[in-house]
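Undergrad: Handing you a structure now.
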2 protein chains.
Amino acid sequence: MSAMVLYRGQVCPEWVDYNGHMRDAYYLLVFSLASDALIDRIGLDDAARQSRRRSVYTLEVHLNYLREMKEGDPLRVEGRILASDHKRLQVFFSLHYGEEDAPAACSEQLLIHVDTGSGRSTAFDEDVLSRIGELSPPGAGFESPYVGRSIALKV
Amino acid sequence: MSAMVLYRGQVCPEWVDYNGHMRDAYYLLVFSLASDALIDRIGLDDAARQSRRRSVYTLEVHLNYLREMKEGDPLRVEGRILASDHKRLQVFFSLHYGEEDAPAACSEQLLIHVDTGSGRSTAFDEDVLSRIGELSPPGAGFESPYVGRSIALKV
């Protein structure tokens, strides 16, 4: 399974800051909405989250900003599962201007499955694990300069 | 110079998601507002940004989510400069519930000084470099498990 298109929209007026560009936090809002769509696709849509008392929380996020976006610019987010275990997903999203290939921003994220009753992490249910398997890359997977990064001020 | 308190507020109703918690992107909005306050403190407030045609853009962000926050929860952000060169700042922010010491989230960020006329990065002006020096740690600096991280799914 290669990348999935998880979000399409445009830069809202309230997302633009004093520089006239989409504020850094709203790139993450767009990725967050894409993450919701991915969680739906593994079988944990709103109905399943409510009935099973399960959800998926964000543990860790890395973001790289590559291009400025302005009010009204068309947005597309692609996403893919990089890796998973019994209760966690490592995912990668790229934000694009319209249908362009080059990303305007990238985000690697670590997500965890939670029992919302106890507030503790818990194993995915079998049907969800099966969906994750279907959506995961079969081979060596995906490489990007925006996976596995740490921040450093290289002088 | 140790940490500076850069933001105080509370979790707004529109920041809360279907889990009843502050959505991941709004943690970054709070850090982004704290980053604005830090940029003011190095001498690049709104008036200076306009008159000098300078601004500071976010290049890269790392976020760790440590505690859920609910609507109305009191927020405090502390921040510090970890390192800098002639045009970049490596900074660290921690978000706290009220006056608590333990962080609810942490964010390491790489920021770059930009000439808004050309859209290209440019060296900080001397007075700004001087302010950065005053606000920077004199010694070996600050250590945290949330500095220098990369994302990995450790099984």
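Residue numbers start at 1 in each chain; chains themselves are named A, B, ... in the order of the structure tokens; ligands are numbered from 1 in the order shown.
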Dump as a tab-separated table the rows for residues of chain A within 9 Å of chain B: closest atom pair and distance in Å with one decimal, only C-alpha atoms counted, ordered by chain and rising residue number.

TA:
```
residue	atom	partner	partner_atom	distance
A:Tyr18	CA	B:Asp46	CA	8.5
A:Asn19	CA	B:Ser55	CA	7.6
A:Arg23	CA	B:Ser32	CA	8.1
A:Asp24	CA	B:Thr58	CA	6.8
A:Ala25	CA	B:Leu29	CA	4.8
A:Tyr26	CA	B:Ala25	CA	6.9
A:Tyr27	CA	B:Ala25	CA	8.2
A:Leu28	CA	B:Ala25	CA	5.1
A:Leu29	CA	B:Ala25	CA	4.8
A:Val30	CA	B:Ala25	CA	8.4
A:Phe31	CA	B:Ala25	CA	8.4
A:Ser32	CA	B:Ala25	CA	6.6
A:Asp46	CA	B:Tyr18	CA	8.5
A:Ser55	CA	B:Asn19	CA	7.6
A:Tyr57	CA	B:Asp24	CA	8.6
A:Thr58	CA	B:Asp24	CA	6.8
A:Leu59	CA	B:Tyr65	CA	5.1
A:Glu60	CA	B:Asn64	CA	4.6
A:Val61	CA	B:Leu63	CA	5.0
A:His62	CA	B:His62	CA	4.5
A:Leu63	CA	B:Val61	CA	5.0
A:Asn64	CA	B:Glu60	CA	4.6
A:Tyr65	CA	B:Leu59	CA	5.1
A:Leu66	CA	B:Leu59	CA	7.4
A:Ala83	CA	B:Leu153	CA	7.3
A:Ser84	CA	B:Leu153	CA	7.4
A:Asp85	CA	B:Val155	CA	7.0
A:Arg88	CA	B:Leu153	CA	7.8
A:Leu89	CA	B:Leu153	CA	7.9
A:Gln90	CA	B:Leu153	CA	6.5
A:Glu108	CA	B:Ile151	CA	7.5
A:Gln109	CA	B:Ile151	CA	7.3
A:Leu110	CA	B:Ile151	CA	7.1
A:Thr116	CA	B:Asn19	CA	8.2
A:Val147	CA	B:Ile151	CA	8.0
A:Gly148	CA	B:Ser150	CA	5.3
A:Arg149	CA	B:Ser150	CA	5.2
A:Ser150	CA	B:Ser150	CA	4.6
A:Ile151	CA	B:Gly148	CA	5.6
A:Ala152	CA	B:Gly148	CA	6.9
A:Leu153	CA	B:Gln90	CA	6.5
A:Val155	CA	B:Asp85	CA	7.0
```

Undergrad: Could you pull out the residues in region 11-106 of chain A that DSSP calls strand (DSSP E or B) from the backbone, as a count of residues only?

TA: 39

Undergrad: Go ahead and compute the interatomic distance for CA of His113 (chain A) and CA of His96 (chain A), in Å to one decimal.

TA: 27.7 Å

Undergrad: I'd like the contact shell of region 72-74 of chain B - 6 Å cut-off, only C-alpha atoms, skipping same-chain residues fewer than 4 positions apart - returned as a PyMOL selection string.

TA: chain B and resi 9-11+97-98

Undergrad: Please return as a list in words: the residues of region 91-145 of chain B that backbone DSSP assigns to helix (DSSP H, G or I).

TA: Glu126, Asp127, Val128, Leu129, Ser130, Arg131, Ile132, Gly133, Glu134 and Leu135 of chain B

Undergrad: Next, write the just-selected residues to a file, as a PDB file, in the first residue's frame, keeping C-alpha atoms as the atom set.

TA:
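Wrote part.pdb, looks like this:
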```pdb
ATOM      1  CA  GLU B 126      23.661  43.482  15.608  1.00  0.00           C
ATOM      2  CA  ASP B 127      21.192  44.713  18.224  1.00  0.00           C
ATOM      3  CA  VAL B 128      19.160  41.509  17.839  1.00  0.00           C
ATOM      4  CA  LEU B 129      22.298  39.339  18.094  1.00  0.00           C
ATOM      5  CA  SER B 130      23.147  41.206  21.270  1.00  0.00           C
ATOM      6  CA  ARG B 131      19.685  40.499  22.741  1.00  0.00           C
ATOM      7  CA  ILE B 132      20.003  36.819  21.754  1.00  0.00           C
ATOM      8  CA  GLY B 133      23.334  36.714  23.586  1.00  0.00           C
ATOM      9  CA  GLU B 134      21.757  38.204  26.715  1.00  0.00           C
ATOM     10  CA  LEU B 135      18.974  35.608  26.654  1.00  0.00           C
TER      11      LEU B 135
END
```

Undergrad: What is the CA of Ser2 (chain B)-CA of Gly79 (chain B) distance in Å, reported with one decimal?

TA: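 Separation of CA of Ser2 (chain B) and CA of Gly79 (chain B): 8.6 Å.
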
Undergrad: At a cut-off of 10 Å, using only C-alpha atoms, what residues contact Leu38 (chain A)? Leave out same-chain residues fewer than 6 positions from it and give the result as a list in words.

TA: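 After dropping sequence-adjacent residues, the list is Met4, Val5, Leu6, Tyr7, Ser32, Leu44, Asp45, Glu78, Gly79, Arg80, Ile81, Val91, Ile132 and Leu135 of chain A.
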
Undergrad: To one decimal place in Å, what is the distance between CA of Ser121 (chain B) and CA of Asp101 (chain A)?

TA: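 Taking CA of Ser121 (chain B) as the start and CA of Asp101 (chain A) as the end point, the length is 24.5 Å.
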
Undergrad: With distances taken over only C-alpha atoms, which of A:Arg76, A:Arg41, A:Lys70, A:Arg53 is nearest to Met22 (chain A)?

TA: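 Result for the nearest residue to Met22 (chain A): A:Lys70.
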
Undergrad: Quick one: of A:Leu75, A:Lys87, A:Ala34, A:Ser144, who's nearest to Arg120 (chain A), counting only C-alpha atoms?

TA: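 Comparing A:Leu75, A:Lys87, A:Ala34, A:Ser144 against Arg120 (chain A), the winner is A:Lys87.
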